[in-house]
>>> print(open('start35.pdb').read())   # PDB, C-alpha atoms
ATOM      1  CA  MET W   1      16.443 143.394 168.245
ATOM      2  CA  ALA W   2      14.966 146.180 170.319
ATOM      3  CA  LEU W   3      14.085 145.433 173.920
ATOM      4  CA  GLY W   4      11.712 148.388 173.974
ATOM      5  CA  ILE W   5       9.807 149.850 176.899
ATOM      6  CA  GLY W   6       8.436 148.072 179.926
ATOM      7  CA  GLU W   7       5.846 150.719 180.728
ATOM      8  CA  SER W   8       2.532 149.420 182.049
ATOM      9  CA  THR W   9       0.517 152.527 182.897
ATOM     10  CA  GLU W  10      -2.412 154.101 181.055
ATOM     11  CA  THR W  11      -3.820 150.823 179.778
ATOM     12  CA  SER W  12      -7.143 149.179 180.273
ATOM     13  CA  SER W  13      -7.439 145.773 181.905
ATOM     14  CA  THR W  14     -10.606 145.030 179.952
ATOM     15  CA  SER W  15     -11.314 145.098 176.264
ATOM     16  CA  GLN W  16     -12.886 148.083 174.598
ATOM     17  CA  VAL W  17     -15.379 147.845 171.769
ATOM     18  CA  VAL W  18     -13.291 149.497 169.069
ATOM     19  CA  GLN W  19     -14.079 148.829 165.439
ATOM     20  CA  SER W  20     -11.239 148.019 163.089
ATOM     21  CA  SER W  21     -10.357 151.044 160.996
ATOM     22  CA  SER W  22      -8.639 148.814 158.423
ATOM     23  CA  PRO W  23     -10.464 147.906 155.205
ATOM     24  CA  ASP W  24     -12.271 144.581 155.409
ATOM     25  CA  LEU W  25      -9.860 142.947 152.965
ATOM     26  CA  SER W  26      -8.952 139.291 153.229
ATOM     27  CA  ILE W  27      -5.591 138.485 154.792
ATOM     28  CA  PRO W  28      -4.893 135.046 153.315
ATOM     29  CA  THR W  29      -2.369 132.574 154.678
ATOM     30  CA  ARG W  30      -0.381 131.605 151.594
ATOM     31  CA  ARG W  31       1.606 128.481 152.346
ATOM     32  CA  MET W  32       4.793 129.243 150.455
ATOM     33  CA  GLU W  33       7.931 127.122 150.142
ATOM     34  CA  PHE W  34      11.234 128.618 148.940
ATOM     35  CA  GLU W  35      13.683 125.923 150.066
ATOM     36  CA  GLU W  36      14.175 124.313 146.661
ATOM     37  CA  ALA W  37      14.729 127.694 145.003
ATOM     38  CA  MET W  38      17.436 128.523 147.582
ATOM     39  CA  ALA W  39      19.516 125.425 146.811
ATOM     40  CA  ASN W  40      21.984 127.180 144.491
ATOM     41  CA  LEU W  41      22.126 130.545 146.262
ATOM     42  CA  PRO W  42      25.590 132.130 145.767
ATOM     43  CA  LYS W  43      27.546 133.663 148.648
ATOM     44  CA  HIS W  44      27.139 137.274 147.532
ATOM     45  CA  PHE W  45      23.648 137.132 146.083
ATOM     46  CA  ALA W  46      22.830 140.862 145.910
ATOM     47  CA  ARG W  47      22.998 142.738 142.592
ATOM     48  CA  ASP W  48      26.424 142.458 140.953
ATOM     49  CA  GLY W  49      27.618 140.422 143.944
ATOM     50  CA  ASP W  50      27.521 143.510 146.154
ATOM     51  CA  LEU W  51      29.165 142.779 149.488
ATOM     52  CA  ILE W  52      27.399 145.091 151.953
ATOM     53  CA  SER W  53      23.945 144.712 150.400
ATOM     54  CA  SER W  54      24.217 140.926 150.762
ATOM     55  CA  HIS W  55      25.122 141.265 154.433
ATOM     56  CA  ILE W  56      22.354 143.799 155.129
ATOM     57  CA  ILE W  57      19.736 141.463 153.648
ATOM     58  CA  ALA W  58      21.163 138.505 155.577
ATOM     59  CA  ALA W  59      21.144 140.452 158.844
ATOM     60  CA  LEU W  60      17.526 141.506 158.334
ATOM     61  CA  SER W  61      16.503 137.943 157.561
ATOM     62  CA  SER W  62      18.264 136.646 160.672
ATOM     63  CA  VAL W  63      15.963 138.570 163.028
ATOM     64  CA  PHE W  64      12.720 137.751 161.237
ATOM     65  CA  PRO W  65      11.962 134.180 162.461
ATOM     66  CA  ASP W  66      12.002 134.923 166.190
ATOM     67  CA  GLY W  67      10.688 138.437 165.589
ATOM     68  CA  GLU W  68       7.664 137.073 163.743
ATOM     69  CA  ASP W  69       7.066 134.506 166.506
ATOM     70  CA  PHE W  70       7.139 137.341 169.057
ATOM     71  CA  PHE W  71       4.609 139.320 167.018
ATOM     72  CA  VAL W  72       2.270 136.335 166.893
ATOM     73  CA  ARG W  73       2.480 135.761 170.657
ATOM     74  CA  SER W  74       1.957 139.449 171.411
ATOM     75  CA  VAL W  75      -1.220 139.665 169.318
ATOM     76  CA  ARG W  76      -2.538 136.213 170.250
ATOM     77  CA  HIS W  77      -2.376 137.182 173.948
ATOM     78  CA  TYR W  78      -5.282 139.597 173.346
ATOM     79  CA  ARG W  79      -7.171 137.559 170.769
ATOM     80  CA  ASP W  80     -10.034 136.649 173.105
ATOM     81  CA  GLN W  81     -10.617 140.312 173.976
ATOM     82  CA  ILE W  82     -11.379 141.315 170.390
ATOM     83  CA  THR W  83     -15.124 141.648 169.737
ATOM     84  CA  ASP W  84     -15.187 143.307 166.308
ATOM     85  CA  PRO W  85     -15.700 140.524 163.711
ATOM     86  CA  VAL W  86     -13.624 142.290 161.055
ATOM     87  CA  LEU W  87     -10.649 142.653 163.375
ATOM     88  CA  LYS W  88     -11.080 139.048 164.537
ATOM     89  CA  ARG W  89     -10.708 137.838 160.950
ATOM     90  CA  GLN W  90      -7.726 140.099 160.409
ATOM     91  CA  VAL W  91      -6.018 138.788 163.556
ATOM     92  CA  ALA W  92      -6.409 135.210 162.275
ATOM     93  CA  GLY W  93      -4.877 136.236 158.949
ATOM     94  CA  PHE W  94      -2.067 138.123 160.695
ATOM     95  CA  ILE W  95      -1.130 135.080 162.774
ATOM     96  CA  GLY W  96      -1.186 132.800 159.727
ATOM     97  CA  GLN W  97       0.934 135.094 157.573
ATOM     98  CA  GLU W  98       3.525 135.878 160.240
ATOM     99  CA  SER W  99       3.950 132.195 161.072
ATOM    100  CA  ILE W 100       4.788 131.374 157.442
ATOM    101  CA  HIS W 101       7.123 134.385 157.201
ATOM    102  CA  GLY W 102       9.138 133.113 160.156
ATOM    103  CA  ARG W 103       9.364 129.616 158.709
ATOM    104  CA  GLU W 104      10.524 130.716 155.265
ATOM    105  CA  HIS W 105      13.072 133.212 156.579
ATOM    106  CA  ARG W 106      14.471 130.428 158.747
ATOM    107  CA  THR W 107      14.870 128.418 155.544
ATOM    108  CA  LEU W 108      16.829 131.294 153.999
ATOM    109  CA  ASN W 109      18.877 131.708 157.182
ATOM    110  CA  ASN W 110      19.831 128.034 157.152
ATOM    111  CA  ARG W 111      21.107 128.367 153.591
ATOM    112  CA  LEU W 112      22.981 131.591 154.390
ATOM    113  CA  ALA W 113      24.587 129.954 157.427
ATOM    114  CA  LYS W 114      25.983 127.231 155.169
ATOM    115  CA  LEU W 115      27.489 129.990 153.019
ATOM    116  CA  GLY W 116      29.250 131.488 156.042
ATOM    117  CA  TYR W 117      26.844 134.194 157.222
ATOM    118  CA  PRO W 118      26.315 134.388 161.018
ATOM    119  CA  THR W 119      22.519 134.192 160.613
ATOM    120  CA  LYS W 120      22.067 131.535 163.297
ATOM    121  CA  ARG W 121      23.856 133.785 165.767
ATOM    122  CA  GLY W 122      21.469 136.577 164.754
ATOM    123  CA  GLU W 123      18.530 134.273 165.433
ATOM    124  CA  ARG W 124      19.886 133.406 168.890
ATOM    125  CA  ILE W 125      20.389 137.073 169.783
ATOM    126  CA  ALA W 126      16.849 137.951 168.677
ATOM    127  CA  LYS W 127      15.394 135.037 170.615
ATOM    128  CA  LEU W 128      17.291 135.971 173.784
ATOM    129  CA  ALA W 129      16.393 139.671 173.545
ATOM    130  CA  LEU W 130      12.708 139.086 172.884
ATOM    131  CA  GLY W 131      12.471 136.269 175.423
ATOM    132  CA  THR W 132      13.987 138.534 178.072
ATOM    133  CA  ARG W 133      11.537 141.272 177.158
ATOM    134  CA  GLU W 134       8.543 138.954 177.463
ATOM    135  CA  ARG W 135       9.748 137.739 180.851
ATOM    136  CA  PHE W 136       9.854 141.201 182.385
ATOM    137  CA  ALA W 137       7.603 143.533 180.340
ATOM    138  CA  PRO W 138       3.793 143.712 180.577
ATOM    139  CA  ALA W 139       1.853 142.143 177.717
ATOM    140  CA  ILE W 140       0.551 145.542 176.585
ATOM    141  CA  SER W 141       4.134 146.776 176.245
ATOM    142  CA  ASN W 142       5.016 143.771 174.086
ATOM    143  CA  LEU W 143       2.016 144.575 171.908
ATOM    144  CA  ALA W 144       3.183 148.207 171.655
ATOM    145  CA  GLU W 145       6.565 146.962 170.447
ATOM    146  CA  THR W 146       4.901 144.702 167.908
ATOM    147  CA  ALA W 147       2.794 147.570 166.545
ATOM    148  CA  ALA W 148       5.882 149.769 166.277
ATOM    149  CA  LEU W 149       7.996 147.127 164.543
ATOM    150  CA  GLU W 150       5.135 146.451 162.148
ATOM    151  CA  HIS W 151       5.527 150.085 161.068
ATOM    152  CA  PHE W 152       9.193 149.299 160.316
ATOM    153  CA  THR W 153       8.267 146.309 158.186
ATOM    154  CA  ALA W 154       5.439 148.192 156.467
ATOM    155  CA  THR W 155       7.855 151.011 155.588
ATOM    156  CA  LEU W 156      10.325 148.537 154.087
ATOM    157  CA  ALA W 157       7.480 146.740 152.317
ATOM    158  CA  GLU W 158       6.314 149.959 150.695
ATOM    159  CA  MET W 159       9.836 150.533 149.355
ATOM    160  CA  VAL W 160      10.134 147.002 147.999
ATOM    161  CA  LEU W 161       6.774 147.160 146.232
ATOM    162  CA  THR W 162       7.068 150.670 144.800
ATOM    163  CA  GLU W 163      10.749 150.917 143.834
ATOM    164  CA  PRO W 164      12.184 148.632 141.137
ATOM    165  CA  GLU W 165      15.714 149.601 142.194
ATOM    166  CA  ILE W 166      15.172 148.121 145.654
ATOM    167  CA  ARG W 167      14.032 144.862 144.092
ATOM    168  CA  ASP W 168      17.047 144.931 141.770
ATOM    169  CA  ILE W 169      19.426 145.437 144.704
ATOM    170  CA  ILE W 170      18.206 142.180 146.290
ATOM    171  CA  GLY W 171      19.647 140.424 143.262
ATOM    172  CA  ASN W 172      19.045 136.664 143.394
ATOM    173  CA  ASP W 173      15.623 135.695 142.041
ATOM    174  CA  ALA W 174      14.659 133.414 144.938
ATOM    175  CA  VAL W 175      15.679 135.911 147.626
ATOM    176  CA  ARG W 176      13.909 138.709 145.766
ATOM    177  CA  ASP W 177      10.762 136.602 145.457
ATOM    178  CA  LEU W 178      10.853 135.845 149.189
ATOM    179  CA  PHE W 179      11.135 139.529 150.098
ATOM    180  CA  VAL W 180       8.497 140.673 147.577
ATOM    181  CA  TRP W 181       5.996 138.090 148.881
ATOM    182  CA  HIS W 182       6.841 139.107 152.446
ATOM    183  CA  ALA W 183       6.392 142.775 151.508
ATOM    184  CA  LEU W 184       2.937 142.181 150.017
ATOM    185  CA  GLU W 185       1.738 140.435 153.150
ATOM    186  CA  GLU W 186       3.220 143.094 155.434
ATOM    187  CA  ALA W 187       1.218 145.632 153.424
ATOM    188  CA  GLU W 188      -1.911 143.496 153.775
ATOM    189  CA  HIS W 189      -1.740 143.272 157.571
ATOM    190  CA  LYS W 190       0.169 146.449 158.415
ATOM    191  CA  ALA W 191      -2.541 147.843 160.732
ATOM    192  CA  VAL W 192      -3.647 144.677 162.545
ATOM    193  CA  ALA W 193      -1.328 144.828 165.586
ATOM    194  CA  PHE W 194      -1.967 148.588 165.819
ATOM    195  CA  ASP W 195      -5.740 148.070 165.807
ATOM    196  CA  VAL W 196      -5.497 145.342 168.451
ATOM    197  CA  TYR W 197      -3.342 147.625 170.620
ATOM    198  CA  ARG W 198      -5.904 150.393 170.362
ATOM    199  CA  ALA W 199      -8.842 148.024 170.909
ATOM    200  CA  VAL W 200      -7.470 146.715 174.220
ATOM    201  CA  GLY W 201      -6.751 150.172 175.619
ATOM    202  CA  GLY W 202      -3.117 150.804 174.739
ATOM    203  CA  SER W 203      -2.194 154.421 175.364
ATOM    204  CA  GLU W 204      -0.828 156.960 172.895
ATOM    205  CA  ARG W 205       1.962 157.755 175.351
ATOM    206  CA  MET W 206       3.240 154.181 175.500
ATOM    207  CA  ARG W 207       2.861 153.758 171.731
ATOM    208  CA  ILE W 208       4.978 156.813 170.926
ATOM    209  CA  ILE W 209       7.645 156.285 173.600
ATOM    210  CA  THR W 210       8.052 152.680 172.528
ATOM    211  CA  MET W 211       8.679 153.689 168.919
ATOM    212  CA  LYS W 212      11.186 156.376 169.899
ATOM    213  CA  ALA W 213      13.222 153.775 171.793
ATOM    214  CA  ILE W 214      12.924 151.108 169.100
ATOM    215  CA  ARG W 215      14.094 153.395 166.288
ATOM    216  CA  MET W 216      17.430 154.027 167.947
ATOM    217  CA  VAL W 217      17.984 150.536 169.369
ATOM    218  CA  PHE W 218      16.934 148.689 166.206
ATOM    219  CA  VAL W 219      19.001 150.798 163.807
ATOM    220  CA  THR W 220      22.054 150.658 166.100
ATOM    221  CA  SER W 221      21.784 146.909 166.696
ATOM    222  CA  MET W 222      21.310 146.149 163.004
ATOM    223  CA  THR W 223      24.314 148.310 162.083
ATOM    224  CA  LEU W 224      26.463 146.426 164.593
ATOM    225  CA  GLN W 225      25.156 143.111 163.314
ATOM    226  CA  VAL W 226      25.999 143.964 159.706
ATOM    227  CA  CYS W 227      29.503 145.089 160.722
ATOM    228  CA  ALA W 228      30.056 141.878 162.691
ATOM    229  CA  SER W 229      28.818 139.852 159.730
ATOM    230  CA  LEU W 230      31.146 141.648 157.332
ATOM    231  CA  ALA W 231      34.065 140.985 159.660
ATOM    232  CA  THR W 232      33.604 137.232 159.147
ATOM    233  CA  ASP W 233      33.694 137.474 155.324
ATOM    234  CA  ARG W 234      37.044 137.170 153.565
ATOM    235  CA  ALA W 235      35.744 139.288 150.701
ATOM    236  CA  THR W 236      35.602 142.269 153.080
ATOM    237  CA  TYR W 237      39.393 142.329 153.138
ATOM    238  CA  GLN W 238      39.884 142.249 149.378
ATOM    239  CA  LYS W 239      41.477 145.496 148.272
ATOM    240  CA  GLY W 240      38.902 148.140 147.362
ATOM    241  CA  ARG W 241      35.861 145.874 147.614
ATOM    242  CA  LEU W 242      34.456 147.233 150.886
ATOM    243  CA  ARG W 243      34.959 150.844 149.793
ATOM    244  CA  SER W 244      33.281 150.246 146.443
ATOM    245  CA  SER W 245      30.362 148.485 148.103
ATOM    246  CA  PHE W 246      29.950 151.294 150.646
ATOM    247  CA  ARG W 247      29.636 153.826 147.804
ATOM    248  CA  THR W 248      27.011 151.618 146.149
ATOM    249  CA  VAL W 249      24.896 151.381 149.304
ATOM    250  CA  LYS W 250      25.342 155.072 150.133
ATOM    251  CA  ASN W 251      23.929 156.030 146.727
ATOM    252  CA  SER W 252      21.043 153.564 146.855
ATOM    253  CA  PRO W 253      17.441 154.152 148.033
ATOM    254  CA  LEU W 254      18.368 152.324 151.247
ATOM    255  CA  ALA W 255      20.221 155.451 152.413
ATOM    256  CA  ARG W 256      17.419 157.953 151.807
ATOM    257  CA  ARG W 257      16.438 160.260 154.649
ATOM    258  CA  SER W 258      12.804 159.811 153.653
ATOM    259  CA  ILE W 259      12.877 156.361 155.282
ATOM    260  CA  TRP W 260      13.669 157.924 158.658
ATOM    261  CA  ARG W 261      10.947 160.541 158.171
ATOM    262  CA  THR W 262       8.400 157.815 157.448
ATOM    263  CA  LEU W 263       9.424 155.957 160.590
ATOM    264  CA  CYS W 264       9.069 159.169 162.601
ATOM    265  CA  GLU W 265       5.499 159.659 161.309
ATOM    266  CA  TYR W 266       4.519 157.041 163.869
ATOM    267  CA  ASP W 267       5.207 159.577 166.649
ATOM    268  CA  ARG W 268       2.355 161.832 165.559
ATOM    269  CA  LYS W 269      -0.611 161.826 167.912
ATOM    270  CA  GLY W 270      -3.601 160.312 166.164
ATOM    271  CA  PHE W 271      -1.391 158.429 163.700
ATOM    272  CA  HIS W 272      -2.827 155.317 162.061
ATOM    273  CA  PRO W 273      -1.035 152.991 159.590
ATOM    274  CA  ASN W 274      -3.883 153.405 157.104
ATOM    275  CA  ASP W 275      -3.312 157.163 156.866
ATOM    276  CA  LEU W 276      -1.351 156.097 153.784
ATOM    277  CA  ASP W 277      -3.830 154.108 151.711
ATOM    278  CA  ASN W 278      -2.032 151.251 149.972
ATOM    279  CA  THR W 279      -5.133 149.364 148.789
ATOM    280  CA  ALA W 280      -4.430 149.911 145.089
ATOM    281  CA  LEU W 281      -0.827 148.761 145.578
ATOM    282  CA  MET W 282      -1.988 145.563 147.290
ATOM    283  CA  VAL W 283      -4.518 144.799 144.570
ATOM    284  CA  GLU W 284      -1.875 145.325 141.878
ATOM    285  CA  TRP W 285       0.679 143.040 143.530
ATOM    286  CA  ARG W 286      -1.858 140.364 144.469
ATOM    287  CA  GLU W 287      -2.731 140.051 140.800
ATOM    288  CA  GLU W 288       0.911 140.201 139.718
ATOM    289  CA  LEU W 289       2.020 137.474 142.124
ATOM    290  CA  PHE W 290      -1.023 135.270 142.663
ATOM    291  CA  GLY W 291      -3.488 135.959 139.854
ATOM    292  CA  ASP W 292      -4.328 133.419 137.155
ATOM    293  CA  ASP W 293      -0.909 133.963 135.573
ATOM    294  CA  GLY W 294       0.811 135.009 138.801
ATOM    295  CA  THR W 295       4.584 134.929 138.906
ATOM    296  CA  MET W 296       4.725 133.230 142.326
ATOM    297  CA  VAL W 297       1.969 130.631 142.183
ATOM    298  CA  HIS W 298       4.635 127.935 141.733
ATOM    299  CA  TYR W 299       5.807 128.561 145.318
ATOM    300  CA  LEU W 300       2.321 127.906 146.740
ATOM    301  CA  ARG W 301       1.689 124.673 148.617
ATOM    302  CA  GLY W 302      -1.928 125.437 149.484
ATOM    303  CA  GLN W 303      -3.763 128.415 150.969
ATOM    304  CA  ALA W 304      -5.892 128.720 154.085
TER     305      ALA W 304
END
>>> encode(input="start35.pdb", output="structure tokens")
Amino acid sequence: MALGIGESTETSSTSQVVQSSSPDLSIPTRRMEFEEAMANLPKHFARDGDLISSHIIAALSSVFPDGEDFFVRSVRHYRDQITDPVLKRQVAGFIGQESIHGREHRTLNNRLAKLGYPTKRGERIAKLALGTRERFAPAISNLAETAALEHFTATLAEMVLTEPEIRDIIGNDAVRDLFVWHALEEAEHKAVAFDVYRAVGGSERMRIITMKAIRMVFVTSMTLQVCASLATDRATYQKGRLRSSFRTVKNSPLARRSIWRTLCEYDRKGFHPNDLDNTALMVEWREELFGDDGTMVHYLRGQA
């Protein structure tokens, strides 16, 4: 998990009256529960039992619980400074959604740990890294990191929701459902941390420098984590399996250069997450998952 930048200059100590530039759409807290569906999760749950894809998904999930908790704390720190009623409502929805994301990914991580994945170690590393950052970095810098990492999750969410092949790669129905639900909600609140950062006086300079650092640190750390995870799996040493899996991942949408270009869009001065309007995509998936005949209503345990 990226430690980011501890820069504290060019920020305002008081709130600014900045209107939310995000659509006034509801950001509901859907109280989902996936634990029962995870009970029979196989070791290599990705499509066709793919080795590397399974470990990539597990590594991503391992950093989500403490990452989501960090996001919530970073945004909540400035909650009382927000005056725009639309943004206030969106902040409440953001906090609710991220809290449930962390809980449900911890559920998945617990199951993966029983299958031999080092997901609990990944959680500990994320907690230590983010805890160290909070101890030494200014609050505005933590918010800048949150806004930047939300662009990561929004980019991944867009891929999950728009590309059937990505959903197919995830493989297991329960894991796919977890990531699709997570993707929808990341799309719903993708601009909230960014709008809070801007509203409380966060500078363009800090925003851009923070993302530049995070891109390199996050990608490098996740690569190392996946390699370390693979090293603990006996299947990695089966003749030809690792090589075959590497070819599969290399030829998948996960290896597209367009992902990196989308992440780099964040560096543009004047960038805003809503420059890419995903309203129609959200409406489509809300109906698909949670409409009258929604495919995921059976996971719901109430909604705030």
>>> closest_atom_pairs(input="start35.pdb", of="range 159-240 of chain W", to="range 267-283 of chain W", cutoff="8 Å", atoms="all atoms listed in the file", output="tab-separated table")
residue	atom	partner	partner_atom	distance
W:Leu161	CA	W:Leu281	CA	7.8
W:Leu184	CA	W:Met282	CA	6.6
W:Ala187	CA	W:Met282	CA	6.9
W:Glu188	CA	W:Met282	CA	6.8
W:Lys190	CA	W:Pro273	CA	6.8
W:Ala191	CA	W:Pro273	CA	5.5
W:Phe194	CA	W:Pro273	CA	7.7
W:Glu204	CA	W:Lys269	CA	7.0
W:Ile208	CA	W:Asp267	CA	5.1
W:Met211	CA	W:Asp267	CA	7.2
W:Lys212	CA	W:Asp267	CA	7.5
>>> closest_residue(input="start35.pdb", among="W:Ser54, W:Asn40, W:Thr119, W:Ser62", to="Phe246 in chain W", atoms="only C-alpha atoms")
W:Ser54
>>> closest_residue(input="start35.pdb", among="W:Leu108, W:Ala59, W:Met206, W:Val217", to="Ala129 in chain W", atoms="only C-alpha atoms")
W:Val217
>>> residues_around(input="start35.pdb", residues="Gly96 in chain W", least_positions_apart="2", cutoff="10 Å", atoms="only C-alpha atoms", output="number ranges by chain")
W: 27-31, 72, 90-94, 98-101, 304
>>> atom_distance(input="start35.pdb", atom1="CA of Gly294 in chain W", atom2="CA of Asp168 in chain W")
19.3 Å
>>> resolve_selection(input="start35.pdb", expression="the PyMOL selection byres ((chain W and resi 134-143) around 9)", output="VMD selection string")
chain W and resid 4 to 8 11 70 to 71 73 to 75 77 to 78 129 to 133 144 to 148 193 to 194 196 to 197 200 to 202 206 to 207 210
>>> write_last_selection(input="start35.pdb", atoms="C-alpha atoms", output="mmCIF file, keeping the file's coordinate frame")
data_model
loop_
_atom_site.group_PDB
_atom_site.id
_atom_site.type_symbol
_atom_site.label_atom_id
_atom_site.label_comp_id
_atom_site.auth_asym_id
_atom_site.auth_seq_id
_atom_site.Cartn_x
_atom_site.Cartn_y
_atom_site.Cartn_z
ATOM 1 C CA GLY W 4 11.712 148.388 173.974
ATOM 2 C CA ILE W 5 9.807 149.850 176.899
ATOM 3 C CA GLY W 6 8.436 148.072 179.926
ATOM 4 C CA GLU W 7 5.846 150.719 180.728
ATOM 5 C CA SER W 8 2.532 149.420 182.049
ATOM 6 C CA THR W 11 -3.820 150.823 179.778
ATOM 7 C CA PHE W 70 7.139 137.341 169.057
ATOM 8 C CA PHE W 71 4.609 139.320 167.018
ATOM 9 C CA ARG W 73 2.480 135.761 170.657
ATOM 10 C CA SER W 74 1.957 139.449 171.411
ATOM 11 C CA VAL W 75 -1.220 139.665 169.318
ATOM 12 C CA HIS W 77 -2.376 137.182 173.948
ATOM 13 C CA TYR W 78 -5.282 139.597 173.346
ATOM 14 C CA ALA W 129 16.393 139.671 173.545
ATOM 15 C CA LEU W 130 12.708 139.086 172.884
ATOM 16 C CA GLY W 131 12.471 136.269 175.423
ATOM 17 C CA THR W 132 13.987 138.534 178.072
ATOM 18 C CA ARG W 133 11.537 141.272 177.158
ATOM 19 C CA ALA W 144 3.183 148.207 171.655
ATOM 20 C CA GLU W 145 6.565 146.962 170.447
ATOM 21 C CA THR W 146 4.901 144.702 167.908
ATOM 22 C CA ALA W 147 2.794 147.570 166.545
ATOM 23 C CA ALA W 148 5.882 149.769 166.277
ATOM 24 C CA ALA W 193 -1.328 144.828 165.586
ATOM 25 C CA PHE W 194 -1.967 148.588 165.819
ATOM 26 C CA VAL W 196 -5.497 145.342 168.451
ATOM 27 C CA TYR W 197 -3.342 147.625 170.620
ATOM 28 C CA VAL W 200 -7.470 146.715 174.220
ATOM 29 C CA GLY W 201 -6.751 150.172 175.619
ATOM 30 C CA GLY W 202 -3.117 150.804 174.739
ATOM 31 C CA MET W 206 3.240 154.181 175.500
ATOM 32 C CA ARG W 207 2.861 153.758 171.731
ATOM 33 C CA THR W 210 8.052 152.680 172.528
#
>>> resolve_selection(input="start35.pdb", expression="the PyMOL selection byres ((chain W and resi 229) around 9)", output="PyMOL selection string")
chain W and resi 55-56+58-59+117-119+224-228+230-233
>>> closest_residue(input="start35.pdb", among="W:Val86, W:Ala183, W:Leu242, W:Met32", to="Phe152 in chain W", atoms="all atoms listed in the file")
W:Ala183
>>> atom_distance(input="start35.pdb", atom1="CA of Ile214 in chain W", atom2="CA of Gly122 in chain W")
17.4 Å
>>> atom_distance(input="start35.pdb", atom1="CA of Met159 in chain W", atom2="CA of Ile95 in chain W")
23.2 Å
>>> closest_residue(input="start35.pdb", among="W:Arg261, W:His298, W:Lys127, W:Arg106", to="Asp177 in chain W", atoms="only C-alpha atoms")
W:His298
>>> axis_aligned_box(input="start35.pdb", around="range 50-65 of chain W", padding_each_side="4 Å", output="AutoDock Vina command-line options")
--center_x 20.6 --center_y 139.6 --center_z 154.6 --size_x 25.2 --size_y 18.9 --size_z 24.9
>>> closest_residue(input="start35.pdb", among="W:Ala37, W:Ile169, W:Cys264, W:Ala255", to="Asp50 in chain W", atoms="all atoms listed in the file")
W:Ile169
>>> closest_residue(input="start35.pdb", among="W:Trp285, W:Asn172, W:Arg215, W:Lys114", to="Val160 in chain W", atoms="all atoms listed in the file")
W:Trp285
